[in-house]
Amino acid sequence: MRHFSSLLLASVVGAWTTVVSVTSLHAQTTDPTFPVNGTHDKALVATVLEHATVHLDAETTLEDGTVILHRGRIVAAGPAATTSFDGPAMRLDMTGLHLYPSFVDIHSDLGTPEAQSAGWSRTPQDLSDKKGAYGWNEAVRPETSAAAVFDPSAEAAKALRKAGFGAVLTHVQDGVVRGTGAVVLPLEDPREALLAPDASFHMSFRKGSSSQNYPSSLMGATALLRQTHLDAAWYAEAAPRGMAGGTNLSLDAFVLSNDLPRVFSAGSWKDVLRADVTLSEFGVENAIMLGSGDGYQRAEAIAETGHRMAVPVDFPSGYDVSDPHLARMIGLNELKHWELAPSNAARLHDAGVPVAFTAHGLKDPGAFLSGVRKAVEAGLPEEVALRALTSNPASWLGMSDQLGSLRQGSVANVLVTDGLLFASSTHLVEHYVGGNPTPMRDRHPLDLTGSYNVNVDDSVYVLSVQGEPGKWKASWTVNDSTEVKVPLTLDNRTVVLRLATEEGPIRLTGNVWMESRIWEGSGQTATGQWTDWSAIRNAEAAEDPSSEDPEAVATTEPAQDAPEDLEAGAPTEVANVTELDLSGVVYPFTAYGTPERLSAETVWIRNATVWTCEADGVLEGADVLFHDGALVAVGTDLNPAELLPAGVTPVEIDGRGKHVTPGVIDEHTHIAVDRGVNEGTQASSAEVWIGHAVNSEDVNMYRQLSGGVTCAQILHGSANPIGGQSAIIKFRWGAEPQDLLYEEAVPFIKFALGENVKQSNWGDGYRSRFPQTRMGVEQVYYDHFIRAREYGQAQIEHRAALRNAKRKDIREGRGPVAPRVDLELETLLQILNEERFVTCHSYRQDEINMLMHVADSLGFRLNTFTHILEGYKVADKMAEHGAGGSSFSDWWAYKYEVKDAIPYNGAVLHNQGVVTAFNSDDAEMARRLNQEAAKAYKYGRVPEEEALKFVTLNPAKLLHIDHKTGSLKPGKDADVVVWSDHPLSINAKAEQTFVEGIRCFDVNRDLVLREAMRTERARLTAKMYNAGQSLGTGTLKRPSERIQSHYHCDTLTDENR
Amino acid sequence: MKTAKHLLQSAFTAALFSAVTLTAWAQPTPGPDQSRSILILGATAHLGTGDVLEDCAVGFRNGEIDYVGRSFQVNRQKYDDILDATGQHLYPGFIVTNTTLGLQEIGAVRATQDQYEVGTFRPNVRSVIAFNTDSEIPPTVRTNGVLMGQITPRGGVVSGSSGVVHFDGWNWEDAAIAMVDGIHLNWPSTHHRHRSDGKIDIQRRKTYDQQKHEIDRFFGEAQAYAAAPRGSVTDVRHEGMRGLFDGSLCLYVHTNDARAITEAVHFKRDLGIERMAIVGGYDAYLVADLLRENDVAVMLQSVHSLPRFADDDVDLPFKLPKLLMDEGLTVALQVDKRMTEMNSRNLPFYAGTARAYGLTEEQAIQALTRNPARILGIDDQVGTLERGKTATLFLSEGDALDMRTNSLTHAWIEGREIDLDNRQRQLYRKFQTKYGAEVLDSPAPNQ
């Protein structure tokens, strides 16, 4: 599948002593397959860059070296003394200059069409609009070939060359599966530019220009990616035997790409880890991941994936923090990112992640090199930086023989500089790409600095010139004291200046000779008289021009004289505690993150009122002891010395006047999810899993820990009858997304009934997708479950057929073809097999009854009805079926189907023997679930001990995790809350919340954190303020407010573009 | 006296019994005018003045409070009925401000929505005449002690005029305490979120100056109109604004932003508007001095809400009432986040949280009683238990600010004993009969 271009390869291989003979080259023009309009260019003359400091690669430098370019390739590179060209050659003196391999950008869109987002549609589009025998989803475009559409603009190509890029891997940045990328040189002529047409295969989580509804969410995009991999594997087997149900050119292309390097345009570190989850599933171990520049926040986790990172250098500019009110809108995480972003590459490298720089994200690639220099300044070793610019991306593409070094045989990509690449004073002088030069500065620019005696009109003026090429500053001294500025420009060899004499201005133009020792020319006096003039440089050494780089100044640590009161609204009583230094990476990387990861403690809570949620009930004056994440003992007069391993001393908490309960469990939440909680674009989205989109950095987890919550089920929304798979997480504050997933959890899925799935409130555009009525909802279930059952049967039959087939037939590819793996039906089959449980969003009794009948007739049990606001009408039926209920305490009146909702619902369900919980479905209410439990007493007088179980043991039962959490029992997880007061009282505050023994919230540490955050914000604000003295230059941004999407069941979005 | 008390209790029992046996679904019947004087004895009375009276005696007749004192001081002979409320708590009726109760029945059903009118400036649009006394929601709200509400239109720049009602009446005319108490101005945001290149910036709104100019012009014209002698031509919009300039109406400025609050205070000074309250006011603590010096009150956003910024103290919304009251501001609570109508019944618990986060108990109660009454300009009638005030009050078995103990036994509106039943209690009882189960309610209607 991989074609390499037919550009001429130099056939000469040699050692350091190299004489390249022209006769050893095939004498032919560069493209023999094209007719030539005019006379032929035989390309006989080589370019010899001699006497340069040659950086063959990051490891090898020749002090006096020569590189010979011919017909687009490097034909020799070695010491100047021993490297020459035996034939017509243009010899260019490179003395004082440095030659580097050109940069390679692994993530470019050069010459490809830009994806335009289609935006949210008023009417749904279920299938692809693309003409031809392609796949069903517009976001899956493996048939796209960057090479086929490659058509670069001259400006874009030139901008890349001037930025130092000699080759880029370009791809059409559109869709979840994006097709193949091409390695190209940034040249205008595609035939000359294309180096490797199908060099890579590209994927992302972003839907791009597709106008189709599916996928609307991150988890939907993930499912689509997984299903596409599965489909391709099946298609490869089925299609050749005519059993694939027709031709699918998209899958054809996917199959053909199997051996290409995988490039995943991921984004944030969370997306990098997510991409790893999915790619690992399909055996991709060392993909090239595009990061967003925040990888340093979890460098170790990225290192563990084994993938390689394309690192952007579009560092955030500062914010305008002059208005302290508006400055509040910048999150600490954003302030920190501003400071730490340049260290991204260094921190990734230190963690062991191979990195390559990319200009991705930069509006102007001209800013690329200064970005890389910032990364070097922030700690990346120079040789690593050079590899990250050259040999790393080249080798990742398997093209080290052609790109990334100045070795014989490589493409003639040579970057000429006037100093060491990473020095801020160094300029790019010239850039050879495929042997074509792009000049940027004079190779040996005139140095005008010095003192001159200017003779004009019988007078002598002493002229002083400082500065650097392009930025000359001249002045002359009057009467040995007053300095007068002299406007002076140099254009090639013509110098123009203007002397303001007492008689008026004299305008001079002249030529510069002898390396600027002598200038001479003619001029015009104030009266219009022509005159001759000359200038001779004085012998004394020119004053060394300042080498201060303005950028270097800007990034230097400024004085830290922050006004202390920048942070308005902070508490006035300044507790003099700043034990926590938040200046580095914090876990999680958001407000209330801590510099060290939290770990489990051994704790002995003494003499408290303990709500065990077990048969023991409420114990007065009791102790709770836990160690190593698990409860050791609960009871009175505990003796830790007997109960704990030798040498372990517990931390004591004085429980007098306090109440201790199990951690609160929220059966129904939508926090901690990135980019969409609903994949509501189809009647069933059983294939999506919210576990693919968990957001570990959501401050709402911390807020809820401050309300005693330790565990929650993150549910898919309620936009479709068969929703997505849910994730049960522990609020392990500071852990990575996949580490929040609770190991003890069993698989769950969200179903939904009623107005949402009928799309009743989505506007008149959404009147076409089945179902539109409760009648249709029932049939969705029957249709899908019957298909799932048949799907399971087909798998059984296939296994039987495999057993009966002849080994030889199987070996030779004539065995039975396996049924296509369908992630949606797989999930539904798990439900039928009772390997996965259902939580069903439900309101009205008719539909609740209906679904229980559906389940009964198909032989499975509905685990939980959630919301279930009319559960009180069918509590007996639910009890009989064995379904639990997870309700709101008192919500109603927000839609028609909750007209009959009553706050007594929980009490009725409970009294009828239904396992009953109260849930939040709301980021705010979730932190007061204990108060919601109190409403089970208020409305219906459920005894308080039982009411507390509505948010502890009962949701644990509903989630099948009650063997490990939900009550205070030795052996269970140490999910423990210490309350200031009766836990059902409005006065109760959680003082400590332990998740598996980890003190994830502590009311005292919270105060320390607030203070530390305030201090850190003040430090960063001052630094930003000092760095941004030039307010109004347009380089600073107004503060940005973190928009927090608070998802609910019916939150419909299309935010994964 | 024992007889009288017994009689009263029998009357309650009869009323409750009839409520249980009535099968027709109807909203509770408005209470009959007070014909017999009532004396409540022995309760802990939270007067709304900041004072609390243990073992109180509170008497009222013809809908008006005529005695507030200690039980051993009162002349019991003066009262027809004595209610022994020992161990209970007595409160002035709570007031929910800035609510759409009675204007919207079901959020997702457009036909039941009456809070959004069309147009930018519509001060003449008034809410009370659209207040549906037969809405099913207020009976569930008053069950928790919220007996009055400021019914407030939404949308536009000047959304209209609010009025104040009792949650009991045959029609809005009966229910009204104030037909119009003020004008609601949604202050345009000064900055808005701008998204480009996947990053979100705050920019000054390009339209802000124009909108501010239009507000200045509209209010300026209204002021000129009000100052001029009445002519033969009437502009109903300007007529609706008249009260702002003579102090009879309050200007309610809806905003949470410090910058907008500051602008609004200057607006008040420039126009010489006497009465102003900030509605929302998340940032009010940042500009508290300005508000205090200019006599601007705050009707604070839902206490049970999330911090606006991730870096904010996690309990900032809980302690805002404390922060503002410590600055000497007049603070009333309201329910402006999700599901305002149904959530109005949780208003007492907002005050409970404010108490847990720093307010004294009586301050917390004032945030639901005297303070909103003052802001709404009805404190001569309601908001405190004082002689001469309207007898709108309730008794709870326990602390009404805590859901654990909020349990009303009696409530009176203008002296009329109101039925604490509601549709939800009816449904509860109905389905307990299905299961043959006991009704356990607070107070249990069948006990």
# chains A, B, ... in the order shown; residues from 1 in each chain; ligands from 1
>>> interface_residues(of="chain A", to="chain B", cutoff="8 Å", atoms="only C-alpha atoms", output="number ranges by chain")
A: 325, 328-329, 331-332, 568-569, 590-592, 699, 703, 706, 761, 872-873, 876, 891-896, 899-905, 908, 923-925, 931, 934-935, 937-941, 984-988, 1010, 1013, 1037-1042
>>> residues_around(residues="B:Ser35", least_positions_apart="3", cutoff="9 Å", atoms="only C-alpha atoms", output="compact mmCIF listing (two decimals) with N, CA and C atoms, in the first residue's frame")
# COMPACT_ATOMS: atom_id res chain seq x y z
N PRO B 32 -62.30 30.43 55.21
CA PRO B 32 -63.33 31.43 55.47
C PRO B 32 -62.76 32.59 56.27
N ARG B 61 -57.48 38.80 65.62
CA ARG B 61 -58.91 38.79 65.33
C ARG B 61 -59.14 39.63 64.07
N ASN B 62 -60.19 39.25 63.36
CA ASN B 62 -60.53 39.94 62.11
C ASN B 62 -59.32 40.09 61.18
N GLY B 63 -58.46 39.05 61.23
CA GLY B 63 -57.34 39.04 60.30
C GLY B 63 -56.17 39.89 60.70
N GLY B 415 -55.65 35.88 58.83
CA GLY B 415 -56.51 35.35 59.87
C GLY B 415 -57.33 34.14 59.45
N ARG B 416 -57.35 33.85 58.17
CA ARG B 416 -58.10 32.70 57.70
C ARG B 416 -57.25 31.44 57.87
>>> residues_around(residues="A:Ala239", least_positions_apart="6", cutoff="9 Å", atoms="only C-alpha atoms", output="list in words")
Gly245, Gly246, Thr247, Asn248 and Asp252 of chain A
>>> write_last_selection(atoms="C-alpha atoms", output="short mmCIF file (atom, residue, chain, number, x, y, z; two decimals), in the first residue's frame")
data_model
loop_
_atom_site.label_atom_id
_atom_site.label_comp_id
_atom_site.auth_asym_id
_atom_site.auth_seq_id
_atom_site.Cartn_x
_atom_site.Cartn_y
_atom_site.Cartn_z
CA GLY A 245 -23.53 -7.76 1.91
CA GLY A 246 -21.98 -5.69 -0.85
CA THR A 247 -19.00 -3.47 -1.37
CA ASN A 248 -18.02 -0.85 1.14
CA ASP A 252 -11.88 -1.44 1.84
#
>>> residues_around(residues="B:Gln88", least_positions_apart="6", cutoff="9 Å", atoms="only C-alpha atoms", output="list of chain:residue names")
B:Gly42, B:Ala43, B:Thr44, B:Ala45, B:Leu395, B:Ser396, B:Glu397, B:Gly398, B:Asp399, B:Thr409
>>> select_by_dssp(residues="stretch 138-241 of chain A", states="strand (DSSP E)", output="PyMOL selection string")
chain A and resi 165-170+177-184+194-204
>>> closest_residue(among="A:Thr866, A:Gly765, A:Lys730, A:Gly707", to="A:Ala752", atoms="only C-alpha atoms")
A:Thr866
>>> atom_distance(atom1="atom CA of B:Leu385", atom2="atom CA of B:Trp412")
12.5 Å
>>> residues_around(residues="A:Ile961", least_positions_apart="4", cutoff="9 Å", atoms="only C-alpha atoms", output="PyMOL selection string")
chain A and resi 744-746+955-957+965-966
>>> write_last_selection(atoms="C-alpha atoms", output="PDB file, in the first residue's frame")
ATOM      1  CA  GLU A 744     -16.120  -3.634  41.938  1.00  0.00           C
ATOM      2  CA  ALA A 745     -18.809  -2.301  39.645  1.00  0.00           C
ATOM      3  CA  VAL A 746     -20.837  -4.466  37.330  1.00  0.00           C
ATOM      4  CA  PRO A 955     -28.048   2.925  46.071  1.00  0.00           C
ATOM      5  CA  ALA A 956     -25.171   0.525  46.793  1.00  0.00           C
ATOM      6  CA  LYS A 957     -27.633  -2.341  46.530  1.00  0.00           C
ATOM      7  CA  THR A 965     -19.605  -0.035  50.157  1.00  0.00           C
ATOM      8  CA  GLY A 966     -22.798   1.618  51.377  1.00  0.00           C
TER       9      GLY A 966
END
>>> residues_around(residues="stretch 188-201 of chain A", least_positions_apart="5", cutoff="9 Å", atoms="only C-alpha atoms", output="PyMOL selection string")
chain A and resi 1-7+30-31+111+142+145-148+150-158+167+169+171+177-183+254+257-264+397-398+434
>>> write_last_selection(atoms="N, CA and C atoms", output="short mmCIF file (atom, residue, chain, number, x, y, z; two decimals), in the first residue's frame")
data_model
loop_
_atom_site.label_atom_id
_atom_site.label_comp_id
_atom_site.auth_asym_id
_atom_site.auth_seq_id
_atom_site.Cartn_x
_atom_site.Cartn_y
_atom_site.Cartn_z
N MET A 1 0.83 -1.21 0.00
CA MET A 1 0.00 0.00 0.00
C MET A 1 0.86 1.25 0.00
N ARG A 2 2.04 1.12 0.62
CA ARG A 2 2.84 2.34 0.71
C ARG A 2 3.63 2.55 -0.57
N HIS A 3 3.43 3.70 -1.18
CA HIS A 3 4.19 4.03 -2.37
C HIS A 3 5.14 5.13 -2.02
N PHE A 4 6.36 4.97 -2.36
CA PHE A 4 7.26 6.09 -2.20
C PHE A 4 7.48 6.72 -3.56
N SER A 5 7.66 8.01 -3.52
CA SER A 5 7.68 8.73 -4.78
C SER A 5 8.92 8.34 -5.57
N SER A 6 8.86 8.67 -6.80
CA SER A 6 9.93 8.26 -7.70
C SER A 6 11.01 9.32 -7.81
N LEU A 7 11.04 10.21 -6.82
CA LEU A 7 12.13 11.17 -6.86
C LEU A 7 13.45 10.43 -6.92
N THR A 30 14.02 16.02 -14.09
CA THR A 30 13.40 15.59 -12.84
C THR A 30 12.06 14.87 -13.04
N ASP A 31 11.38 15.12 -14.14
CA ASP A 31 10.13 14.41 -14.33
C ASP A 31 9.99 13.96 -15.78
N GLY A 111 -2.17 22.07 2.16
CA GLY A 111 -2.70 21.68 0.86
C GLY A 111 -3.96 20.84 0.90
N PRO A 142 -12.17 6.72 5.84
CA PRO A 142 -10.86 6.11 5.59
C PRO A 142 -10.46 6.19 4.12
N SER A 145 -7.75 10.37 0.91
CA SER A 145 -6.30 10.35 0.76
C SER A 145 -5.81 11.77 0.65
N ALA A 146 -4.96 12.16 1.57
CA ALA A 146 -4.44 13.52 1.53
C ALA A 146 -3.69 13.74 0.22
N ALA A 147 -2.98 12.69 -0.24
CA ALA A 147 -2.20 12.83 -1.46
C ALA A 147 -3.11 13.15 -2.65
N ALA A 148 -4.28 12.53 -2.67
CA ALA A 148 -5.16 12.70 -3.81
C ALA A 148 -5.71 14.11 -3.92
N PHE A 150 -4.12 16.78 -2.47
CA PHE A 150 -3.06 17.72 -2.08
C PHE A 150 -2.88 18.84 -3.12
N ASP A 151 -3.05 20.05 -2.70
CA ASP A 151 -2.94 21.19 -3.60
C ASP A 151 -2.56 22.41 -2.76
N PRO A 152 -1.27 22.56 -2.48
CA PRO A 152 -0.88 23.61 -1.54
C PRO A 152 -0.91 25.00 -2.18
N SER A 153 -1.19 25.98 -1.36
CA SER A 153 -1.06 27.35 -1.84
C SER A 153 0.39 27.77 -1.71
N ALA A 154 0.80 28.63 -2.64
CA ALA A 154 2.20 29.08 -2.62
C ALA A 154 2.52 29.76 -1.29
N GLU A 155 1.57 30.52 -0.77
CA GLU A 155 1.82 31.26 0.46
C GLU A 155 2.02 30.31 1.64
N ALA A 156 1.14 29.32 1.73
CA ALA A 156 1.23 28.39 2.86
C ALA A 156 2.54 27.62 2.80
N ALA A 157 2.90 27.17 1.60
CA ALA A 157 4.13 26.40 1.47
C ALA A 157 5.34 27.27 1.84
N LYS A 158 5.32 28.49 1.37
CA LYS A 158 6.45 29.37 1.64
C LYS A 158 6.54 29.69 3.14
N ALA A 167 9.66 19.23 5.50
CA ALA A 167 8.69 18.19 5.13
C ALA A 167 7.60 18.18 6.19
N LEU A 169 3.90 15.95 7.38
CA LEU A 169 2.91 14.91 7.15
C LEU A 169 1.56 15.62 7.17
N HIS A 171 -2.58 15.80 6.43
CA HIS A 171 -3.77 14.97 6.25
C HIS A 171 -5.01 15.85 6.32
N VAL A 177 -12.49 8.96 11.53
CA VAL A 177 -11.48 8.23 10.76
C VAL A 177 -11.20 9.10 9.54
N ARG A 178 -9.94 9.50 9.40
CA ARG A 178 -9.64 10.60 8.47
C ARG A 178 -8.90 10.17 7.22
N GLY A 179 -8.56 8.90 7.11
CA GLY A 179 -7.88 8.44 5.92
C GLY A 179 -6.38 8.58 6.02
N THR A 180 -5.71 8.53 4.87
CA THR A 180 -4.26 8.48 4.87
C THR A 180 -3.67 9.87 4.76
N GLY A 181 -2.50 10.01 5.37
CA GLY A 181 -1.73 11.24 5.28
C GLY A 181 -0.61 11.06 4.28
N ALA A 182 -0.07 12.19 3.82
CA ALA A 182 1.02 12.16 2.85
C ALA A 182 2.18 12.98 3.38
N VAL A 183 3.38 12.46 3.15
CA VAL A 183 4.56 13.25 3.48
C VAL A 183 4.89 14.10 2.26
N PHE A 254 -10.01 1.15 4.79
CA PHE A 254 -9.55 0.92 6.17
C PHE A 254 -8.66 -0.32 6.23
N SER A 257 -5.23 0.06 4.92
CA SER A 257 -4.35 0.94 5.70
C SER A 257 -3.73 0.25 6.90
N ASN A 258 -4.00 -1.02 7.07
CA ASN A 258 -3.66 -1.70 8.32
C ASN A 258 -2.20 -1.56 8.74
N ASP A 259 -1.29 -1.48 7.79
CA ASP A 259 0.13 -1.46 8.16
C ASP A 259 0.70 -0.07 8.32
N LEU A 260 -0.11 0.94 8.10
CA LEU A 260 0.42 2.30 8.17
C LEU A 260 0.53 2.76 9.62
N PRO A 261 1.51 3.64 9.89
CA PRO A 261 1.58 4.21 11.24
C PRO A 261 0.29 4.95 11.57
N ARG A 262 -0.14 4.81 12.83
CA ARG A 262 -1.38 5.45 13.28
C ARG A 262 -1.08 6.82 13.88
N VAL A 263 -1.76 7.82 13.38
CA VAL A 263 -1.65 9.15 13.98
C VAL A 263 -3.02 9.49 14.54
N PHE A 264 -3.07 9.79 15.83
CA PHE A 264 -4.35 10.11 16.46
C PHE A 264 -4.33 11.57 16.91
N LEU A 397 7.90 8.02 10.97
CA LEU A 397 7.28 7.76 9.67
C LEU A 397 8.03 6.68 8.91
N GLY A 398 9.08 6.14 9.53
CA GLY A 398 9.88 5.15 8.84
C GLY A 398 10.68 5.76 7.70
N GLY A 434 14.11 20.27 -0.78
CA GLY A 434 14.22 19.52 -2.03
C GLY A 434 15.25 20.16 -2.94
#
>>> residues_around(residues="A:His881", least_positions_apart="5", cutoff="12 Å", atoms="only C-alpha atoms", output="list in words")
Ile848, Asn849, Met850, Leu851, Met852, His853, Val854, Ala855, Asp856, Ser857, Gly859, Phe860, Arg861, Leu862, Asn863, Thr864, Phe865, Val874, Ala875, Asp876, Gly913, Val914 and Val915 of chain A
>>> select_by_dssp(residues="stretch 180-329 of chain A", states="helix (DSSP H, G or I)", output="NGL selection string")
:A and (190-193 or 218-241 or 249-256 or 269-281 or 295-305 or 324-327)
>>> write_last_selection(atoms="C-alpha atoms", output="CSV table (one decimal), in the first residue's frame")
chain,number,residue,atom,x,y,z
A,190,PRO,CA,2.3,18.8,-6.0
A,191,ARG,CA,4.4,16.5,-8.2
A,192,GLU,CA,7.6,17.9,-6.8
A,193,ALA,CA,6.2,18.1,-3.3
A,218,LEU,CA,-17.2,12.0,22.7
A,219,MET,CA,-18.5,8.6,23.8
A,220,GLY,CA,-20.4,8.2,20.5
A,221,ALA,CA,-17.2,9.0,18.5
A,222,THR,CA,-15.4,6.4,20.6
A,223,ALA,CA,-18.0,3.8,19.9
A,224,LEU,CA,-18.0,4.7,16.2
A,225,LEU,CA,-14.2,4.2,16.1
A,226,ARG,CA,-14.4,0.9,17.8
A,227,GLN,CA,-17.2,-0.4,15.6
A,228,THR,CA,-15.3,0.7,12.5
A,229,HIS,CA,-12.3,-1.3,13.6
A,230,LEU,CA,-14.5,-4.3,14.2
A,231,ASP,CA,-16.3,-3.9,10.9
A,232,ALA,CA,-13.1,-3.6,9.0
A,233,ALA,CA,-11.7,-6.8,10.5
A,234,TRP,CA,-14.9,-8.6,9.7
A,235,TYR,CA,-15.1,-7.1,6.2
A,236,ALA,CA,-11.6,-8.3,5.4
A,237,GLU,CA,-12.7,-11.8,6.0
A,238,ALA,CA,-16.2,-11.6,4.7
A,239,ALA,CA,-15.8,-9.4,1.6
A,240,PRO,CA,-13.5,-11.6,-0.4
A,241,ARG,CA,-16.0,-14.4,-0.1
A,249,LEU,CA,-15.2,1.3,-0.2
A,250,SER,CA,-14.7,2.9,3.2
A,251,LEU,CA,-14.0,-0.4,4.8
A,252,ASP,CA,-11.9,-1.4,1.8
A,253,ALA,CA,-9.7,1.6,2.4
A,254,PHE,CA,-9.5,0.9,6.2
A,255,VAL,CA,-8.4,-2.6,5.6
A,256,LEU,CA,-5.7,-1.5,3.1
A,269,TRP,CA,-4.0,14.6,28.0
A,270,LYS,CA,-7.4,13.1,28.9
A,271,ASP,CA,-8.1,12.6,25.2
A,272,VAL,CA,-4.6,11.1,24.8
A,273,LEU,CA,-5.4,8.5,27.5
A,274,ARG,CA,-8.8,7.9,26.0
A,275,ALA,CA,-7.3,7.3,22.6
A,276,ASP,CA,-4.9,4.9,24.2
A,277,VAL,CA,-7.8,2.9,25.7
A,278,THR,CA,-9.4,2.5,22.3
A,279,LEU,CA,-6.2,1.9,20.3
A,280,SER,CA,-4.9,-0.6,22.8
A,281,GLU,CA,-8.1,-2.6,22.3
A,295,GLY,CA,0.5,16.7,28.5
A,296,TYR,CA,2.8,17.9,31.2
A,297,GLN,CA,-0.1,17.7,33.6
A,298,ARG,CA,0.0,13.9,33.4
A,299,ALA,CA,3.3,13.1,31.8
A,300,GLU,CA,3.8,9.8,33.7
A,301,ALA,CA,0.4,8.5,32.6
A,302,ILE,CA,1.1,9.3,29.0
A,303,ALA,CA,4.5,7.7,29.3
A,304,GLU,CA,2.8,4.5,30.5
A,305,THR,CA,0.8,4.3,27.3
A,324,PRO,CA,-9.7,42.3,39.7
A,325,HIS,CA,-13.4,41.6,39.3
A,326,LEU,CA,-12.9,40.2,35.8
A,327,ALA,CA,-9.7,38.5,36.7
>>> atom_distance(atom1="atom CA of A:Val486", atom2="atom CA of A:His444")
24.5 Å
>>> closest_residue(among="B:Thr207, B:Tyr225, B:Val180, B:Ile375", to="B:Glu274", atoms="only C-alpha atoms")
B:Ile375
>>> atom_distance(atom1="atom CA of A:Asp783", atom2="atom CA of A:Asp129")
26.3 Å
